[in-house]
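Raw structure-v9.txt, compact mmCIF, C-alpha atoms:
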```txt
# COMPACT_ATOMS: atom_id res chain seq x y z
CA MET A 1 4.84 11.22 23.54
CA SER A 2 1.89 13.53 22.95
CA LEU A 3 0.36 13.34 19.48
CA GLU A 4 -0.21 17.10 19.44
CA GLU A 5 3.12 18.04 17.84
CA PHE A 6 2.73 15.15 15.39
CA ARG A 7 -0.67 16.52 14.29
CA SER A 8 0.59 20.08 14.09
CA LEU A 9 3.55 19.17 11.86
CA LEU A 10 1.36 17.13 9.53
CA ALA A 11 -1.32 19.81 9.23
CA ARG A 12 1.24 22.54 8.53
CA HIS A 13 3.20 20.68 5.86
CA ALA A 14 0.38 18.84 4.04
CA ARG A 15 0.22 19.38 0.27
CA PRO A 16 -2.57 18.44 -2.15
CA ASP A 17 -0.36 15.79 -3.82
CA TRP A 18 0.82 14.36 -0.45
CA THR A 19 4.54 14.92 -1.26
CA THR A 20 7.04 16.68 1.03
CA ALA A 21 10.52 18.19 0.74
CA ILE A 22 11.95 14.89 2.07
CA ASP A 23 12.21 12.16 -0.54
CA GLY A 24 9.99 9.17 0.27
CA VAL A 25 8.03 10.98 3.01
CA LEU A 26 4.30 11.53 2.43
CA ILE A 27 1.65 13.47 4.36
CA SER A 28 -2.07 12.88 3.93
CA LYS A 29 -4.72 15.36 5.00
CA VAL A 30 -8.30 14.31 4.27
CA ASP A 31 -11.27 16.42 5.30
CA ARG A 32 -14.16 14.13 4.38
CA ALA A 33 -15.00 10.47 4.83
CA ASP A 34 -15.48 9.37 1.22
CA PRO A 35 -16.82 5.96 0.13
CA PRO A 36 -14.28 3.10 -0.06
CA THR A 37 -11.77 3.66 -2.88
CA PRO A 38 -9.62 1.00 -4.58
CA SER A 39 -5.91 1.67 -5.11
CA MET A 40 -2.52 0.00 -4.93
CA SER A 41 -0.96 0.01 -1.48
CA GLY A 42 2.67 0.58 -2.43
CA THR A 43 5.37 -0.62 0.00
CA VAL A 44 4.94 1.85 2.81
CA LEU A 45 4.79 2.61 6.51
CA ALA A 46 1.67 4.65 7.36
CA VAL A 47 1.11 6.21 10.79
CA ILE A 48 -2.18 7.88 11.75
CA ALA A 49 -2.09 11.03 13.92
CA GLN A 50 -5.76 11.99 13.71
CA GLY A 51 -8.85 10.20 12.39
CA ALA A 52 -9.03 6.53 11.46
CA LYS A 53 -8.78 4.41 8.34
CA ARG A 54 -10.12 1.04 7.23
CA LEU A 55 -8.31 -1.02 4.60
CA ALA A 56 -9.59 -4.20 2.94
CA LEU A 57 -7.30 -6.76 1.31
CA GLY A 58 -9.21 -9.71 -0.09
CA ASP A 59 -11.28 -11.02 2.83
CA ARG A 60 -9.08 -9.32 5.47
CA VAL A 61 -10.02 -5.95 6.97
CA TYR A 62 -7.57 -3.71 8.86
CA GLU A 63 -8.44 -0.63 10.91
CA TYR A 64 -5.97 1.77 12.48
CA GLY A 65 -6.29 5.09 14.28
CA PRO A 66 -4.26 7.69 16.20
CA GLY A 67 -0.92 6.33 17.39
CA GLN A 68 -1.21 3.18 15.28
CA TYR A 69 0.67 2.20 12.14
CA LEU A 70 0.22 0.02 9.10
CA ILE A 71 2.97 -1.66 7.08
CA ALA A 72 2.45 -2.75 3.48
CA SER A 73 5.43 -4.87 2.43
CA VAL A 74 4.06 -5.77 -1.03
CA ASP A 75 2.32 -3.51 -3.56
CA LEU A 76 -1.22 -4.91 -3.32
CA PRO A 77 -4.70 -4.00 -4.61
CA VAL A 78 -6.58 -2.68 -1.59
CA THR A 79 -9.76 -0.76 -0.87
CA GLY A 80 -9.36 2.08 1.64
CA GLN A 81 -11.69 4.45 3.46
CA PHE A 82 -11.17 7.14 6.09
CA LEU A 83 -13.76 6.62 8.83
CA GLN A 84 -13.28 9.87 10.76
CA ALA A 85 -12.55 12.98 8.71
CA ASP A 86 -14.22 16.39 8.41
CA PRO A 87 -13.06 19.98 7.72
CA GLU A 88 -12.80 20.83 11.43
CA GLN A 89 -10.86 17.66 12.29
CA PRO A 90 -9.27 16.25 9.12
CA ALA A 91 -7.66 12.84 9.09
CA LEU A 92 -3.88 13.27 9.26
CA GLY A 93 -1.32 10.63 8.39
CA PHE A 94 2.41 10.15 7.84
CA GLY A 95 3.83 7.83 5.19
CA LEU A 96 7.32 6.54 4.48
CA ILE A 97 8.04 4.55 1.33
CA LEU A 98 9.89 1.35 2.25
CA GLU A 99 12.88 0.50 0.05
CA PRO A 100 14.02 -3.17 0.06
CA SER A 101 17.66 -2.14 -0.45
CA ALA A 102 17.61 0.03 2.70
CA VAL A 103 16.08 -2.81 4.73
CA ALA A 104 18.67 -5.27 3.38
CA GLU A 105 21.53 -2.92 4.34
CA LEU A 106 20.33 -2.68 7.94
CA LEU A 107 19.87 -6.45 8.18
CA LEU A 108 23.48 -6.94 7.07
CA GLN A 109 24.67 -4.55 9.77
CA ALA A 110 22.62 -6.13 12.57
CA GLY A 111 24.38 -8.54 14.86
CA PRO A 112 23.23 -12.09 15.66
CA GLY A 113 20.21 -12.00 17.93
CA ASP A 114 19.55 -8.27 17.38
CA THR A 115 16.24 -8.88 15.61
CA PRO A 116 13.22 -10.92 16.76
CA ARG A 117 12.78 -14.46 15.52
CA THR A 118 10.05 -14.94 12.93
CA GLY A 119 7.92 -17.96 12.15
CA ALA A 120 8.12 -20.11 9.04
CA GLY A 121 6.26 -19.16 5.87
CA ALA A 122 5.57 -15.82 4.27
CA PRO A 123 3.89 -13.18 6.48
CA SER A 124 0.84 -11.23 5.38
CA GLY A 125 1.65 -8.38 3.02
CA ILE A 126 -0.13 -5.96 5.37
CA ALA A 127 0.18 -5.66 9.15
CA VAL A 128 -1.14 -3.22 11.77
CA GLY A 129 0.19 -2.41 15.24
CA ASP A 130 0.47 0.18 18.00
CA ALA A 131 3.36 2.56 17.34
CA PRO A 132 5.83 2.42 20.25
CA PRO A 133 7.07 5.75 21.68
CA ALA A 134 10.53 5.35 20.09
CA LEU A 135 9.00 4.98 16.62
CA LEU A 136 6.68 7.99 17.05
CA ASP A 137 9.59 10.04 18.37
CA ALA A 138 11.68 9.26 15.28
CA VAL A 139 8.76 10.10 12.96
CA VAL A 140 8.28 13.48 14.66
CA ARG A 141 12.01 14.25 14.45
CA LEU A 142 11.91 13.48 10.74
CA LEU A 143 8.94 15.81 10.24
CA ARG A 144 10.70 18.59 12.20
CA LEU A 145 13.37 18.59 9.49
CA LEU A 146 10.75 19.99 7.09
CA ASP A 147 11.25 23.24 9.05
CA GLU A 148 15.05 22.92 9.00
CA PRO A 149 16.25 22.93 5.37
CA ARG A 150 19.91 23.42 6.37
CA ASP A 151 19.95 20.16 8.35
CA ARG A 152 17.58 18.15 6.15
CA ALA A 153 20.02 16.69 3.61
CA VAL A 154 22.35 15.30 6.29
CA LEU A 155 19.93 14.26 9.04
CA ALA A 156 16.88 13.01 7.13
CA PRO A 157 18.61 9.84 5.81
CA LEU A 158 19.82 9.05 9.33
CA VAL A 159 16.37 9.41 10.89
CA LYS A 160 14.79 7.34 8.10
CA ARG A 161 17.30 4.57 8.87
CA GLU A 162 16.31 4.78 12.55
CA ILE A 163 12.63 4.43 11.65
CA LEU A 164 13.40 1.37 9.53
CA TRP A 165 15.39 -0.15 12.37
CA ARG A 166 12.51 0.44 14.82
CA LEU A 167 10.27 -1.47 12.39
CA ILE A 168 12.77 -4.30 11.84
CA ALA A 169 13.18 -4.74 15.60
CA GLY A 170 9.50 -4.20 16.41
CA GLU A 171 6.22 -6.08 16.67
CA GLN A 172 5.70 -6.39 12.91
CA SER A 173 9.31 -7.33 12.22
CA ALA A 174 8.52 -10.33 10.01
CA ALA A 175 6.98 -8.38 7.13
CA VAL A 176 9.65 -5.66 7.13
CA ARG A 177 12.59 -8.04 7.39
CA GLN A 178 11.36 -10.23 4.54
CA LEU A 179 11.09 -7.13 2.37
CA GLY A 180 14.90 -6.95 2.47
CA LEU A 181 15.69 -10.67 2.11
CA ALA A 182 16.32 -11.62 -1.50
CA ASP A 183 15.38 -15.29 -1.00
CA SER A 184 12.44 -14.93 1.40
CA GLY A 185 8.95 -16.25 0.74
CA LEU A 186 7.77 -12.65 0.58
CA SER A 187 10.31 -11.76 -2.09
CA HIS A 188 9.20 -14.73 -4.22
CA VAL A 189 5.58 -13.63 -3.95
CA SER A 190 6.59 -10.04 -4.73
CA ARG A 191 8.22 -11.30 -7.93
CA ALA A 192 4.95 -13.02 -8.90
CA VAL A 193 2.90 -9.93 -8.00
CA ARG A 194 5.12 -7.81 -10.21
CA TRP A 195 4.81 -10.27 -13.12
CA ILE A 196 1.01 -10.45 -12.85
CA ARG A 197 0.73 -6.65 -12.70
CA GLU A 198 2.88 -6.30 -15.84
CA HIS A 199 0.93 -9.03 -17.72
CA TYR A 200 -2.52 -8.61 -16.15
CA ALA A 201 -4.39 -8.76 -19.51
CA GLU A 202 -2.85 -12.15 -20.41
CA PRO A 203 -4.15 -15.55 -19.29
CA PHE A 204 -1.63 -17.59 -17.30
CA ARG A 205 -1.16 -20.93 -15.59
CA VAL A 206 -0.39 -20.80 -11.86
CA GLU A 207 2.30 -23.45 -12.38
CA ASP A 208 4.13 -21.19 -14.84
CA VAL A 209 4.10 -18.17 -12.52
CA ALA A 210 5.24 -20.40 -9.64
CA ARG A 211 8.20 -21.51 -11.74
CA LEU A 212 9.05 -17.88 -12.60
CA SER A 213 8.99 -17.14 -8.87
CA GLY A 214 11.34 -20.00 -8.04
CA MET A 215 8.81 -22.03 -6.02
CA SER A 216 6.86 -25.26 -6.35
CA ALA A 217 3.22 -24.77 -7.34
CA SER A 218 1.91 -25.84 -3.91
CA ALA A 219 4.35 -23.65 -1.95
CA PHE A 220 3.71 -20.74 -4.28
CA TYR A 221 -0.07 -20.96 -3.92
CA ARG A 222 0.18 -21.25 -0.12
CA ASN A 223 2.56 -18.29 0.21
CA PHE A 224 0.70 -16.14 -2.31
CA GLN A 225 -2.55 -16.64 -0.37
CA ALA A 226 -0.81 -15.83 2.93
CA VAL A 227 0.67 -12.58 1.63
CA THR A 228 -2.18 -11.24 -0.53
CA ALA A 229 -5.30 -12.87 0.99
CA MET A 230 -6.21 -13.87 -2.59
CA SER A 231 -5.50 -16.60 -5.09
CA PRO A 232 -3.32 -15.59 -8.08
CA ILE A 233 -6.40 -15.57 -10.35
CA GLN A 234 -8.37 -13.39 -7.90
CA PHE A 235 -5.39 -11.05 -7.71
CA GLN A 236 -5.27 -10.75 -11.49
CA LYS A 237 -8.99 -9.94 -11.55
CA GLN A 238 -8.50 -7.15 -9.00
CA ILE A 239 -5.71 -5.63 -11.11
CA ARG A 240 -7.78 -5.92 -14.32
CA LEU A 241 -10.77 -4.18 -12.77
CA GLN A 242 -8.69 -1.38 -11.25
CA GLU A 243 -6.97 -0.77 -14.59
CA ALA A 244 -10.36 -0.79 -16.32
CA ARG A 245 -11.63 1.85 -13.91
CA LEU A 246 -8.66 4.10 -14.68
CA LEU A 247 -9.20 3.69 -18.42
CA LEU A 248 -12.94 4.37 -18.17
CA ALA A 249 -12.26 7.70 -16.47
CA THR A 250 -10.80 8.90 -19.80
CA HIS A 251 -12.74 6.62 -22.22
CA PRO A 252 -16.25 6.47 -20.67
CA GLY A 253 -17.98 5.71 -23.97
CA ASP A 254 -15.89 2.64 -24.84
CA VAL A 255 -16.88 0.08 -22.23
CA THR A 256 -16.46 -2.91 -24.55
CA GLY A 257 -13.06 -1.70 -25.77
CA VAL A 258 -11.80 -1.09 -22.25
CA GLY A 259 -12.96 -4.52 -21.14
CA HIS A 260 -11.10 -6.11 -24.04
CA ARG A 261 -7.92 -4.11 -23.30
CA VAL A 262 -7.76 -5.42 -19.72
CA GLY A 263 -8.32 -9.05 -20.76
CA TYR A 264 -12.10 -9.60 -20.90
CA ASP A 265 -13.33 -11.20 -24.15
CA ASN A 266 -16.91 -11.38 -22.85
CA PRO A 267 -18.48 -7.89 -22.36
CA SER A 268 -21.28 -9.21 -20.12
CA GLN A 269 -18.75 -10.92 -17.82
CA PHE A 270 -16.73 -7.69 -17.67
CA SER A 271 -19.83 -5.63 -16.78
CA ARG A 272 -20.97 -8.17 -14.19
CA GLU A 273 -17.60 -8.40 -12.40
CA TYR A 274 -17.06 -4.64 -12.59
CA ARG A 275 -20.44 -3.99 -10.97
CA ARG A 276 -19.72 -6.52 -8.25
CA GLN A 277 -16.39 -4.81 -7.49
CA PHE A 278 -17.39 -1.14 -7.68
CA GLY A 279 -21.13 -1.19 -7.02
CA ALA A 280 -22.21 0.23 -10.40
CA PRO A 281 -22.05 -0.77 -14.10
CA PRO A 282 -18.96 0.47 -15.98
CA SER A 283 -20.68 3.31 -17.87
CA GLN A 284 -22.44 4.63 -14.76
CA ASP A 285 -19.31 4.42 -12.64
CA ALA A 286 -17.28 6.20 -15.35
CA ALA A 287 -19.72 9.11 -15.33
CA ARG A 288 -19.48 9.29 -11.55
CA LEU A 289 -15.68 9.30 -11.68
CA ARG A 290 -15.57 12.12 -14.23
CA GLY A 291 -17.80 14.27 -12.05
CA ALA A 292 -15.89 13.68 -8.81
CA ALA A 293 -12.69 15.29 -7.61
CA ARG A 294 -9.93 12.69 -7.52
CA SER A 295 -7.37 12.34 -4.75
CA PRO A 296 -3.87 10.85 -5.26
CA ALA A 297 -4.37 7.13 -5.91
CA GLY A 298 -1.97 4.62 -4.47
CA ALA A 299 0.24 7.30 -2.89
CA MET A 300 -0.23 6.11 0.65
CA THR A 301 -2.35 3.44 2.29
```
Please rewrite the model in this file as structure tokens.
Amino acid sequence: MSLEEFRSLLARHARPDWTTAIDGVLISKVDRADPPTPSMSGTVLAVIAQGAKRLALGDRVYEYGPGQYLIASVDLPVTGQFLQADPEQPALGFGLILEPSAVAELLLQAGPGDTPRTGAGAPSGIAVGDAPPALLDAVVRLLRLLDEPRDRAVLAPLVKREILWRLIAGEQSAAVRQLGLADSGLSHVSRAVRWIREHYAEPFRVEDVARLSGMSASAFYRNFQAVTAMSPIQFQKQIRLQEARLLLATHPGDVTGVGHRVGYDNPSQFSREYRRQFGAPPSQDAARLRGAARSPAGAMT
């Protein structure tokens, strides 16, 4: 399938906040290649129609361009950057929020042998692949419904189910399938990720979080590293620093207070780790953030 209609639909229906008239469907249109920006990935399918994007998760780097897709099956702290984007040829992308309940429903309906076999252990929380023609066709048909309000309410849920099935049966099946399995390694790690995000300012023992997740400490650590490309403590640090950056955008004069709120008792350690993460001391970065236009954070990888 030609990408031309895909690009045209995205360009015509793009909004500043990336939302659309179809629940769970996002459209990104970016006309400049900004420096790398940290955000949370969400659980999402992202397909690029024009331009290219680079995403870093821990020590892993993913790049995807026109006709390629990325799946994030866990809400992870990532750093993203569009590599090819300008006003004449903006980067254009489609996003679909992935709901575990919808994946689980399709898995229950699938017959034995209808889905690919997956290996043991938890898959990475992020995967990239080439979008097959059937997947691109379904995405375009979903976007066409933005021009057909009479048909949208009935047909959009059906096409979204088709897209999910194409993912479940496709090259990156492992990550998508485990999103819908209540007792999968990925679901256990997701439980731990959620707990750490909700208690990021508190110290914790890995053994305690492993127990909350229903895994032994060794299995938990191994699976957590496989999914997130980080240790649990490194993950907590990423969340703390991202939360600190958000707080500093509105409280730029209270660096010590912000550091304490996100769990740092030592101001010099906070400043040092913040600078290492974002390339500037907290006060300087806060001033830069206040002077820059901000795009929707975490809406779509």
> Using only C-alpha atoms, which of A:Leu186, A:Leu167, A:Leu3, A:Ala134 sits nearest Thr228 of chain A?
Replying inline: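 Among the listed residues, the smallest separation from Thr228 of chain A belongs to A:Leu186.
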> Skipping near chain neighbours, those fewer than 5 positions away, what residues fall within 6 Å of segment 199-210 of chain A using all atoms listed in the file, listed as a list in words?
Replying inline: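 Those residues are Met215, Ala217, Phe220, Gln236, Val262 and Gly263 of chain A.
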> What is the atom CA of Leu10 of chain A to atom CA of Phe94 of chain A distance in Å?
Replying inline: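 For atom CA of Leu10 of chain A relative to atom CA of Phe94 of chain A, the distance reads 7.3 Å.
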> Skipping near chain neighbours, those fewer than 3 positions away, what residues fall within 7 Å of Asn223 of chain A using all atoms listed in the file, listed as a ChimeraX atom specification?
Replying inline: /A:121-122,185,189,219-220,226-227
>> Report as a list in words all protein, DNA and RNA residues lying within 9 Å of Asp254 of chain A, evaluated on only C-alpha atoms, omitting residues in the same chain fewer than 5 positions from it.
In response: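 Everything that qualifies: Leu248, Gly259 and Ser283 of chain A.
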Would you tabulate, counting all atoms listed in the file, all residues of segment 102-221 of chain A that have an atom at most 10 Å from an atom of segment 53-73 of chain A, showing the closest pair of atoms and their distance in Å to one decimal, sorted by chain then ascending number, as a tab-separated table?
```
residue	atom	partner	partner_atom	distance
A:Pro123	CA	A:Ser73	CA	9.4
A:Ser124	CA	A:Ser73	CA	8.4
A:Gly125	CA	A:Ser73	CA	5.2
A:Ile126	CA	A:Ala72	CA	4.5
A:Ala127	CA	A:Ile71	CA	5.3
A:Val128	CA	A:Leu70	CA	4.4
A:Gly129	CA	A:Tyr69	CA	5.6
A:Asp130	CA	A:Gln68	CA	4.4
A:Ala131	CA	A:Gln68	CA	5.1
A:Pro132	CA	A:Gly67	CA	8.3
A:Pro133	CA	A:Gly67	CA	9.1
A:Leu135	CA	A:Tyr69	CA	9.9
A:Leu136	CA	A:Gly67	CA	7.8
A:Leu167	CA	A:Ile71	CA	9.0
A:Gln172	CA	A:Ile71	CA	8.0
A:Ser173	CA	A:Ile71	CA	9.9
A:Ala174	CA	A:Ser73	CA	9.8
A:Ala175	CA	A:Ser73	CA	6.1
A:Val176	CA	A:Ser73	CA	6.4
A:Arg177	CA	A:Ser73	CA	9.3
A:Gln178	CA	A:Ser73	CA	8.3
A:Leu179	CA	A:Ser73	CA	6.1
A:Gly180	CA	A:Ser73	CA	9.7
A:Leu186	CA	A:Ser73	CA	8.3
A:Ser187	CA	A:Ser73	CA	9.6
A:Ser190	CA	A:Ser73	CA	8.9
```
> Looking at A:Arg7, A:Arg161, A:Arg141, A:Arg12, which one is nearest to Leu92 of chain A, with distances taken over only C-alpha atoms?
Replying inline: A:Arg7
> Which residues, written as a PyMOL selection string, have at least one atom at most 12 Å from Pro38 of chain A, with only C-alpha atoms counted and residues fewer than 3 positions away on the same chain left out?
Replying inline: chain A and resi 34-35+41+54-58+76-81+238-239+241-246+277-279+295-301
>> One number please: atom CA of Asp75 of chain A to atom CA of Asp17 of chain A, in Å, one decimal.
In response: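 Going from atom CA of Asp75 of chain A over to atom CA of Asp17 of chain A, I get 19.5 Å.
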> Mind pulling up the distance from atom CA of Ser8 of chain A to atom CA of Ala52 of chain A?
Replying inline: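 These two atoms are separated by 16.8 Å.
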> With distances taken over all atoms listed in the file, which of A:Ile163, A:Asp151, A:Val74, A:Leu106 is nearest to Met40 of chain A?
Replying inline: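 Comparing A:Ile163, A:Asp151, A:Val74, A:Leu106 against Met40 of chain A, the winner is A:Val74.
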> Got a sec: who's within 12 Å of Leu289 of chain A, counting all atoms listed in the file, leaving out chain neighbours fewer than 3 positions off, as a list of chain:residue names?
Replying inline: A:Thr37, A:Arg245, A:Leu246, A:Leu247, A:Leu248, A:Ala249, A:Thr250, A:His251, A:Pro252, A:Phe278, A:Ala280, A:Pro282, A:Ser283, A:Gln284, A:Asp285, A:Ala286, A:Ala292, A:Ala293, A:Arg294, A:Ser295
Segment 74-105 of chain A from the block above: C-alpha atoms written as a PDB file, in the first residue's frame:
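File written: result33.pdb
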```
ATOM      1  CA  VAL A  74       4.638  -1.150  29.495  1.00  0.00           C
ATOM      2  CA  ASP A  75       4.505   2.521  30.516  1.00  0.00           C
ATOM      3  CA  LEU A  76       8.245   3.257  30.654  1.00  0.00           C
ATOM      4  CA  PRO A  77      10.486   6.326  31.071  1.00  0.00           C
ATOM      5  CA  VAL A  78      11.968   6.957  27.630  1.00  0.00           C
ATOM      6  CA  THR A  79      13.828   9.715  25.822  1.00  0.00           C
ATOM      7  CA  GLY A  80      12.530  10.465  22.319  1.00  0.00           C
ATOM      8  CA  GLN A  81      13.646  12.618  19.410  1.00  0.00           C
ATOM      9  CA  PHE A  82      12.345  13.148  15.878  1.00  0.00           C
ATOM     10  CA  LEU A  83      15.302  12.932  13.495  1.00  0.00           C
ATOM     11  CA  GLN A  84      13.624  14.194  10.321  1.00  0.00           C
ATOM     12  CA  ALA A  85      11.068  16.975  10.722  1.00  0.00           C
ATOM     13  CA  ASP A  86      10.715  20.459   9.245  1.00  0.00           C
ATOM     14  CA  PRO A  87       7.802  22.766   8.270  1.00  0.00           C
ATOM     15  CA  GLU A  88       7.846  21.616   4.629  1.00  0.00           C
ATOM     16  CA  GLN A  89       7.956  17.912   5.531  1.00  0.00           C
ATOM     17  CA  PRO A  90       6.728  17.435   9.107  1.00  0.00           C
ATOM     18  CA  ALA A  91       7.077  14.122  10.875  1.00  0.00           C
ATOM     19  CA  LEU A  92       3.696  12.357  10.844  1.00  0.00           C
ATOM     20  CA  GLY A  93       2.697   9.474  13.064  1.00  0.00           C
ATOM     21  CA  PHE A  94      -0.317   7.395  14.095  1.00  0.00           C
ATOM     22  CA  GLY A  95      -0.841   6.122  17.629  1.00  0.00           C
ATOM     23  CA  LEU A  96      -3.276   3.653  19.158  1.00  0.00           C
ATOM     24  CA  ILE A  97      -3.468   3.204  22.927  1.00  0.00           C
ATOM     25  CA  LEU A  98      -3.257  -0.497  23.771  1.00  0.00           C
ATOM     26  CA  GLU A  99      -5.759  -1.727  26.361  1.00  0.00           C
ATOM     27  CA  PRO A 100      -4.879  -5.004  28.174  1.00  0.00           C
ATOM     28  CA  SER A 101      -8.566  -5.955  28.446  1.00  0.00           C
ATOM     29  CA  ALA A 102      -9.029  -5.727  24.658  1.00  0.00           C
ATOM     30  CA  VAL A 103      -5.931  -7.879  24.080  1.00  0.00           C
ATOM     31  CA  ALA A 104      -7.140 -10.443  26.634  1.00  0.00           C
ATOM     32  CA  GLU A 105     -10.555 -10.664  24.935  1.00  0.00           C
TER      33      GLU A 105
END
```
